[in-house]
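What follows is the content of start_33.tsv (TSV, C-alpha atoms).
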chain	number	residue	atom	x	y	z
A	114	MET	CA	-13.45	-29.10	-5.69
A	115	THR	CA	-10.40	-27.32	-7.17
A	116	ASN	CA	-7.11	-26.99	-5.37
A	117	LYS	CA	-6.39	-23.56	-6.79
A	118	GLN	CA	-4.34	-21.22	-4.66
A	119	PRO	CA	-6.21	-18.72	-2.48
A	120	GLN	CA	-6.50	-15.25	-4.02
A	121	VAL	CA	-4.97	-12.42	-2.00
A	122	VAL	CA	-5.43	-8.77	-2.99
A	123	VAL	CA	-3.08	-6.26	-1.35
A	124	ILE	CA	-3.86	-2.54	-1.62
A	125	GLY	CA	-1.33	0.19	-0.89
A	126	GLY	CA	1.92	1.82	-1.94
A	127	GLY	CA	4.95	3.64	-0.56
A	128	THR	CA	7.59	1.71	1.39
A	129	GLY	CA	5.11	-0.44	3.35
A	130	LEU	CA	3.66	-2.52	0.52
A	131	PRO	CA	6.94	-3.95	-0.88
A	132	VAL	CA	8.03	-4.96	2.65
A	133	LEU	CA	4.84	-7.00	3.10
A	134	LEU	CA	4.98	-8.57	-0.38
A	135	ARG	CA	8.53	-9.89	0.04
A	136	GLY	CA	7.27	-12.14	2.82
A	137	LEU	CA	3.90	-13.00	1.31
A	138	LYS	CA	5.31	-14.24	-2.01
A	139	SER	CA	6.90	-17.24	-0.27
A	140	TYR	CA	3.44	-18.67	0.58
A	141	PRO	CA	1.21	-20.69	-1.77
A	142	VAL	CA	-1.10	-17.78	-2.60
A	143	ASP	CA	-2.06	-15.96	-5.78
A	144	ILE	CA	-1.14	-12.30	-5.16
A	145	THR	CA	-2.60	-9.24	-6.85
A	146	ALA	CA	-1.07	-5.94	-5.73
A	147	ILE	CA	-3.14	-2.82	-6.40
A	148	VAL	CA	-0.73	0.09	-6.27
A	149	THR	CA	-1.18	3.85	-6.05
A	150	VAL	CA	-0.07	6.05	-8.96
A	151	ALA	CA	-0.63	9.40	-7.21
A	152	ASP	CA	3.09	9.95	-6.47
A	153	ASP	CA	4.38	13.26	-7.83
A	154	GLY	CA	7.81	13.58	-6.23
A	155	GLY	CA	11.34	12.73	-7.38
A	156	SER	CA	12.03	10.65	-10.49
A	157	SER	CA	8.46	9.34	-10.57
A	158	GLY	CA	6.97	12.83	-10.58
A	159	ARG	CA	9.36	14.11	-13.25
A	160	LEU	CA	8.52	11.26	-15.62
A	161	ARG	CA	4.81	11.71	-14.91
A	162	SER	CA	4.81	15.40	-15.82
A	163	GLU	CA	7.20	15.12	-18.77
A	164	LEU	CA	5.65	12.03	-20.42
A	165	ASP	CA	2.06	12.23	-19.10
A	166	ILE	CA	2.14	8.69	-17.72
A	167	PRO	CA	0.99	7.34	-14.35
A	168	ALA	CA	3.69	7.65	-11.67
A	169	PRO	CA	5.90	4.52	-11.97
A	170	GLY	CA	7.83	4.66	-8.66
A	171	ASP	CA	5.57	2.66	-6.34
A	172	ILE	CA	4.88	0.16	-9.14
A	173	ARG	CA	8.66	-0.26	-9.62
A	174	ASN	CA	9.19	-1.04	-5.92
A	175	VAL	CA	6.38	-3.61	-5.92
A	176	LEU	CA	7.71	-5.30	-9.09
A	177	ALA	CA	11.14	-5.54	-7.43
A	178	ALA	CA	9.62	-6.99	-4.23
A	179	LEU	CA	7.70	-9.68	-6.12
A	180	SER	CA	10.50	-10.44	-8.59
A	181	ASP	CA	12.30	-13.77	-8.69
A	182	VAL	CA	15.58	-12.86	-10.35
A	183	GLU	CA	19.25	-12.76	-9.41
A	184	PRO	CA	19.94	-10.11	-6.73
A	185	LEU	CA	22.17	-8.20	-9.15
A	186	VAL	CA	19.33	-7.87	-11.68
A	187	GLU	CA	16.99	-6.52	-8.99
A	188	GLN	CA	19.75	-4.18	-7.82
A	189	MET	CA	20.16	-2.91	-11.39
A	190	PHE	CA	16.38	-2.39	-11.74
A	191	GLN	CA	16.38	-0.35	-8.51
A	192	HIS	CA	19.59	1.55	-9.32
A	193	ARG	CA	19.30	5.32	-8.98
A	194	PHE	CA	21.65	7.50	-11.02
A	195	ALA	CA	23.68	10.05	-9.09
A	196	SER	CA	25.12	12.10	-11.96
A	197	THR	CA	24.98	15.84	-12.55
A	198	ASN	CA	23.01	15.58	-15.81
A	199	GLU	CA	19.36	14.89	-16.67
A	200	LEU	CA	19.67	11.28	-15.47
A	201	SER	CA	20.37	12.44	-11.92
A	202	GLY	CA	17.84	11.09	-9.43
A	203	HIS	CA	16.15	8.76	-11.93
A	204	SER	CA	16.00	5.06	-11.13
A	205	LEU	CA	16.60	2.62	-13.99
A	206	GLY	CA	13.33	0.81	-13.26
A	207	ASN	CA	11.31	4.02	-13.66
A	208	LEU	CA	13.03	4.71	-16.99
A	209	LEU	CA	12.39	1.14	-18.19
A	210	LEU	CA	8.68	1.40	-17.28
A	211	ALA	CA	8.48	4.75	-19.07
A	212	ALA	CA	10.22	3.30	-22.15
A	213	MET	CA	7.98	0.23	-22.19
A	214	THR	CA	4.90	2.46	-21.89
A	215	SER	CA	6.13	4.42	-24.93
A	216	ILE	CA	6.78	1.22	-26.89
A	217	THR	CA	3.48	-0.51	-26.04
A	218	GLY	CA	1.37	2.65	-25.81
A	219	ASP	CA	-0.14	1.49	-22.51
A	220	PHE	CA	1.11	1.66	-18.90
A	221	VAL	CA	-0.63	-1.56	-17.81
A	222	HIS	CA	0.83	-3.44	-20.79
A	223	ALA	CA	4.25	-2.05	-19.85
A	224	ILE	CA	3.89	-3.42	-16.30
A	225	GLN	CA	2.88	-6.82	-17.69
A	226	GLU	CA	5.95	-6.95	-19.93
A	227	MET	CA	8.28	-5.87	-17.12
A	228	SER	CA	6.67	-8.53	-14.90
A	229	LYS	CA	7.76	-11.19	-17.42
A	230	VAL	CA	11.31	-9.81	-17.55
A	231	LEU	CA	11.56	-9.81	-13.74
A	232	ASN	CA	9.77	-13.16	-13.31
A	233	VAL	CA	7.26	-11.53	-10.95
A	234	ARG	CA	5.28	-13.83	-8.63
A	235	GLY	CA	1.76	-12.48	-8.83
A	236	LYS	CA	0.06	-9.64	-10.63
A	237	VAL	CA	0.84	-5.93	-10.24
A	238	LEU	CA	-1.89	-3.47	-11.21
A	239	PRO	CA	-1.99	0.33	-10.97
A	240	SER	CA	-5.11	1.64	-9.26
A	241	ALA	CA	-5.65	3.75	-12.41
A	242	ASN	CA	-4.23	3.55	-15.93
A	243	GLN	CA	-3.84	7.33	-16.17
A	244	SER	CA	-2.16	10.22	-14.44
A	245	VAL	CA	-4.09	11.28	-11.32
A	246	VAL	CA	-3.55	14.10	-8.83
A	247	LEU	CA	-4.14	13.75	-5.09
A	248	HIS	CA	-5.55	16.73	-3.20
A	249	ALA	CA	-6.17	17.29	0.51
A	250	GLU	CA	-8.79	19.50	2.08
A	251	MET	CA	-7.40	20.67	5.40
A	252	GLU	CA	-9.34	21.35	8.59
A	253	ASP	CA	-8.94	25.10	7.96
A	254	GLY	CA	-10.65	24.75	4.56
A	255	SER	CA	-7.50	25.18	2.45
A	256	ILE	CA	-6.72	22.78	-0.41
A	257	VAL	CA	-3.24	21.33	-0.93
A	258	SER	CA	-2.60	19.67	-4.31
A	259	GLY	CA	0.07	17.06	-4.95
A	260	GLU	CA	0.90	13.89	-3.01
A	261	SER	CA	4.38	15.10	-2.03
A	262	LYS	CA	3.13	18.51	-0.83
A	263	ILE	CA	0.38	17.22	1.48
A	264	PRO	CA	2.60	15.97	4.36
A	265	THR	CA	4.73	19.15	4.25
A	266	ALA	CA	1.75	21.51	4.61
A	267	GLU	CA	1.85	20.93	8.40
A	268	LYS	CA	-1.93	21.14	8.69
A	269	LYS	CA	-4.52	18.66	9.90
A	270	ILE	CA	-6.11	16.75	7.01
A	271	LYS	CA	-9.90	16.65	6.79
A	272	ARG	CA	-10.16	14.52	3.64
A	273	VAL	CA	-8.32	13.65	0.44
A	274	PHE	CA	-9.70	13.40	-3.09
A	275	LEU	CA	-8.53	12.74	-6.65
A	276	THR	CA	-8.73	14.58	-9.95
A	277	PRO	CA	-9.82	14.22	-12.66
A	278	GLU	CA	-13.27	13.18	-11.46
A	279	GLU	CA	-13.63	10.71	-14.33
A	280	ILE	CA	-11.14	7.95	-13.47
A	281	GLU	CA	-11.70	4.46	-14.83
A	282	PRO	CA	-10.63	1.51	-12.69
A	283	LEU	CA	-9.04	-1.41	-14.53
A	284	ARG	CA	-11.31	-4.36	-15.29
A	285	GLU	CA	-8.58	-6.65	-13.94
A	286	THR	CA	-8.56	-4.75	-10.64
A	287	ILE	CA	-12.31	-5.09	-10.17
A	288	GLN	CA	-12.16	-8.77	-11.13
A	289	ALA	CA	-9.31	-9.45	-8.67
A	290	ILE	CA	-11.26	-7.85	-5.80
A	291	ARG	CA	-14.38	-9.86	-6.70
A	292	GLN	CA	-12.41	-13.13	-6.72
A	293	ALA	CA	-10.37	-12.42	-3.58
A	294	ASP	CA	-10.35	-14.71	-0.55
A	295	LEU	CA	-8.43	-12.12	1.48
A	296	ILE	CA	-8.09	-8.36	0.99
A	297	VAL	CA	-5.19	-6.67	2.77
A	298	ILE	CA	-5.11	-2.88	3.17
A	299	GLY	CA	-1.74	-1.34	4.04
A	300	PRO	CA	0.71	-0.90	5.54
A	301	GLY	CA	1.65	2.53	4.27
A	302	SER	CA	1.05	6.26	4.57
A	303	LEU	CA	-2.66	6.56	5.31
A	304	TYR	CA	-3.62	9.57	3.21
A	305	THR	CA	-0.97	9.40	0.47
A	306	SER	CA	-0.42	5.65	-0.15
A	307	ILE	CA	-3.57	3.79	0.94
A	308	LEU	CA	-6.55	6.08	0.40
A	309	PRO	CA	-5.60	7.14	-3.18
A	310	ASN	CA	-6.35	3.53	-4.23
A	311	LEU	CA	-9.70	3.31	-2.43
A	312	LEU	CA	-10.78	6.67	-3.88
A	313	VAL	CA	-10.58	5.47	-7.48
A	314	PRO	CA	-14.22	5.06	-8.57
A	315	GLY	CA	-15.23	1.40	-8.35
A	316	ILE	CA	-12.35	0.16	-6.20
A	317	GLY	CA	-13.68	1.29	-2.81
A	318	GLU	CA	-17.19	0.17	-3.78
A	319	GLU	CA	-15.99	-3.30	-4.77
A	320	VAL	CA	-14.04	-3.65	-1.51
A	321	CYS	CA	-17.27	-2.77	0.34
A	322	LYS	CA	-19.25	-5.39	-1.60
A	323	SER	CA	-16.62	-8.13	-1.33
A	324	LYS	CA	-17.35	-11.14	0.87
A	325	ALA	CA	-13.60	-11.69	1.37
A	326	LYS	CA	-11.98	-11.27	4.76
A	327	LYS	CA	-10.58	-7.72	4.95
A	328	VAL	CA	-7.53	-7.01	7.08
A	329	TYR	CA	-5.98	-3.60	7.78
A	330	ILE	CA	-2.30	-3.61	8.74
A	331	CYS	CA	-1.95	-0.65	11.05
A	332	ASN	CA	1.13	1.54	10.82
A	333	LEU	CA	3.79	1.18	13.50
A	334	MET	CA	4.50	4.89	13.84
A	335	THR	CA	2.48	8.08	13.40
A	336	GLN	CA	3.50	10.36	10.55
A	337	ALA	CA	3.90	14.11	10.84
A	338	GLY	CA	1.74	15.96	8.32
A	339	GLU	CA	-0.61	12.99	7.96
A	340	THR	CA	-1.38	11.11	11.17
A	341	LEU	CA	0.17	13.13	13.99
A	342	ASP	CA	-1.14	11.75	17.32
A	343	TYR	CA	-3.46	9.27	15.54
A	344	THR	CA	-4.43	6.14	17.46
A	345	ALA	CA	-5.08	2.83	15.70
A	346	SER	CA	-8.84	3.50	15.68
A	347	ASP	CA	-8.22	6.98	14.19
A	348	HIS	CA	-6.54	5.28	11.21
A	349	VAL	CA	-9.55	3.01	10.71
A	350	LYS	CA	-12.06	5.86	11.09
A	351	ALA	CA	-10.19	7.89	8.45
A	352	ILE	CA	-10.55	4.99	6.01
A	353	TYR	CA	-14.25	4.64	6.84
A	354	ASN	CA	-14.79	8.40	6.35
A	355	HIS	CA	-13.59	8.02	2.75
A	356	MET	CA	-15.67	4.93	1.95
A	357	ASP	CA	-19.35	4.05	1.79
A	358	CYS	CA	-19.07	1.27	4.35
A	359	HIS	CA	-17.21	-0.07	7.37
A	360	ALA	CA	-15.09	-2.33	5.23
A	361	ILE	CA	-12.54	-3.78	7.66
A	362	ASP	CA	-13.01	-7.07	9.57
A	363	SER	CA	-9.63	-7.36	11.30
A	364	ILE	CA	-6.78	-5.08	12.30
A	365	LEU	CA	-3.20	-6.31	12.62
A	366	VAL	CA	-1.29	-4.45	15.35
A	367	ASN	CA	2.18	-4.57	16.88
A	368	ASN	CA	2.13	-5.38	20.60
A	369	GLN	CA	5.89	-5.20	21.15
A	370	ASP	CA	7.37	-2.12	22.86
A	371	ILE	CA	9.52	-0.08	20.50
A	372	PRO	CA	12.82	0.67	22.30
A	373	ILE	CA	13.15	4.17	23.75
A	374	GLU	CA	16.38	4.84	21.84
A	375	VAL	CA	14.52	4.12	18.58
A	376	GLN	CA	11.58	6.30	19.62
A	377	ASN	CA	14.03	9.13	20.36
A	378	LEU	CA	15.34	8.96	16.78
A	379	TYR	CA	11.78	9.36	15.50
A	380	LYS	CA	11.09	12.35	17.76
A	381	GLU	CA	12.95	14.54	15.27
A	382	GLU	CA	10.20	13.70	12.75
A	383	SER	CA	7.46	14.28	15.37
A	384	ALA	CA	6.62	10.58	15.00
A	385	LYS	CA	5.79	8.17	17.82
A	386	PRO	CA	4.45	4.62	18.15
A	387	VAL	CA	0.78	4.29	17.21
A	388	PHE	CA	-1.27	3.78	20.37
A	389	PHE	CA	-3.52	0.73	20.09
A	390	ASP	CA	-6.74	1.84	21.76
A	391	VAL	CA	-8.21	-1.63	22.20
A	392	ASP	CA	-11.60	-0.53	23.55
A	393	GLU	CA	-12.19	1.78	20.57
A	394	LEU	CA	-11.19	-0.97	18.14
A	395	ILE	CA	-13.62	-3.41	19.79
A	396	GLU	CA	-16.32	-0.73	19.59
A	397	LEU	CA	-15.66	-0.59	15.84
A	398	ASN	CA	-16.42	-4.34	15.81
A	399	LEU	CA	-12.90	-5.24	14.72
A	400	GLU	CA	-11.11	-8.51	15.33
A	401	ILE	CA	-7.69	-7.59	16.79
A	402	VAL	CA	-4.71	-9.66	15.68
A	403	GLN	CA	-1.58	-8.89	17.70
A	404	GLY	CA	2.05	-9.84	17.31
A	405	GLU	CA	5.66	-8.75	17.72
A	406	ILE	CA	5.83	-7.59	14.14
A	407	PHE	CA	8.47	-4.89	13.76
A	408	ASN	CA	12.11	-4.73	12.70
A	409	TYR	CA	14.54	-1.87	13.11
A	410	GLU	CA	17.02	-1.68	10.28
A	411	GLU	CA	18.76	1.03	8.26
A	412	ASN	CA	17.62	3.63	10.82
A	413	ALA	CA	13.95	2.91	10.15
A	414	ILE	CA	11.12	0.96	11.76
A	415	ARG	CA	9.58	-1.53	9.35
A	416	HIS	CA	7.07	-4.35	9.65
A	417	ASP	CA	8.73	-7.76	9.96
A	418	THR	CA	7.89	-9.19	6.54
A	419	LYS	CA	8.08	-12.86	7.60
A	420	LYS	CA	6.00	-12.47	10.77
A	421	VAL	CA	3.31	-10.34	9.10
A	422	ALA	CA	3.08	-12.68	6.12
A	423	GLY	CA	2.80	-15.65	8.50
A	424	LEU	CA	-0.03	-14.02	10.44
A	425	LEU	CA	-1.88	-13.17	7.21
A	426	TYR	CA	-1.51	-16.72	5.92
A	427	GLY	CA	-2.86	-18.00	9.25
A	428	ILE	CA	-5.90	-15.71	8.89
A	429	LEU	CA	-6.41	-17.01	5.36
A	430	LEU	CA	-6.31	-20.67	6.46
A	431	GLN	CA	-8.78	-19.97	9.28
A	432	GLU	CA	-11.11	-18.26	6.81
A	433	ARG	CA	-10.95	-21.22	4.41
A	434	LYS	CA	-11.77	-23.66	7.25
A	435	ARG	CA	-14.69	-21.50	8.29
A	436	LYS	CA	-16.09	-21.50	4.75
A	437	ILE	CA	-15.67	-25.27	4.42
A	438	LYS	CA	-17.63	-25.81	7.68
A	439	LYS	CA	-20.48	-23.70	6.27
Could you show the structure in this file as structure tokens?
Amino acid sequence: MTNKQPQVVVIGGGTGLPVLLRGLKSYPVDITAIVTVADDGGSSGRLRSELDIPAPGDIRNVLAALSDVEPLVEQMFQHRFASTNELSGHSLGNLLLAAMTSITGDFVHAIQEMSKVLNVRGKVLPSANQSVVLHAEMEDGSIVSGESKIPTAEKKIKRVFLTPEEIEPLRETIQAIRQADLIVIGPGSLYTSILPNLLVPGIGEEVCKSKAKKVYICNLMTQAGETLDYTASDHVKAIYNHMDCHAIDSILVNNQDIPIEVQNLYKEESAKPVFFDVDELIELNLEIVQGEIFNYEENAIRHDTKKVAGLLYGILLQERKRKIKK
């Protein structure tokens, strides 16, 4: 019997994924992060359209989160220029990924090289090695194209989908999912950070087939333009509606009251705490894992990286014991 580290695959993007990974990298696990490249806003979107490369922004944030370098080096990698020329708004990390893609001729190779430079703990893979566009079909039948435009349409989303239709998943991504002991979905924007990964042909199907324990980390707050008034079970049902199976075994939820003064700050964004409808979650045959798992810092609610990582590692150890008993 080998003593190799358990394999953990984390699927997501946006601001939620890096927060989780900062805590998870301190545990003895082999991490593979599968990251969305559907972003089309800001520096990431400009580089994508000008250079015809996958959006580097979410990849950059994940590389920084998993890096093991001096804080100043990470700060430099994340530095965003605030000049009045063409550099304005670009982050150095995005430019470095774009440059490395140009040098190596391949976005995945560029990520691998940057991972060496930043001494990244784990593997970072884009969900696709090409530029993809996210579209949303709204309840009124209209189509909104572009990841950054979907939340601002102020319409209820029926479904999201990707173009082009022919998108090849990476072999390494499929292999990582097949070898995983634990698959973590989220946290992150449901329609614009999580689902774009699962919609890449092959990825959602492999998650469905996988025998690994699958955990969904539910968002703390609803999001205007995406999940307005969504309960926890609504989040899960939206994922199921985009997949060929009921893929989730467990849901991780926050059971700590979010202070009223914090909720009032979020009212301006039409956001409120996600209601955890326990009966509905049980009806979906989900194991519910609860904890006081949020932090409030820099005027934003975030998952507590240490607590969430600890709960996930606990789930992983339980799963390993269960398999040994079999």
*With all atoms listed in the file as the atoms that count, which of A:Ser139, A:Asn377, A:Gln403, A:Thr265 lies nearest to Gly338 in chain A?*
A:Thr265
*Best match for closeness to Arg433 in chain A among A:Leu295, A:Glu396, A:Glu187, A:Leu209, counting only C-alpha atoms*: A:Leu295
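Using only C-alpha atoms, the shortest contact distance between Phe194 in chain A and any of A:Gln336, A:Gln243, A:Thr305, A:Ser156 is found at A:Ser156.
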*Measure the distance from CA of Leu238 in chain A to CA of Thr286 in chain A in Å and round it to one decimal.*
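Calculated distance between CA of Leu238 in chain A and CA of Thr286 in chain A is 6.8 Å.
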Could you put an axis-aligned box around every listed atom of range 380-389 of chain A, padded by 6 Å on each side, and send me its centre and edge lengths in Å to one decimal, as AutoDock Vina command-line options?
--center_x 4.7 --center_y 7.6 --center_z 16.6 --size_x 28.5 --size_y 25.8 --size_z 19.6
*Just how far from CA of Gln120 in chain A is CA of Ser228 in chain A, in Å to one decimal?*
18.4 Å
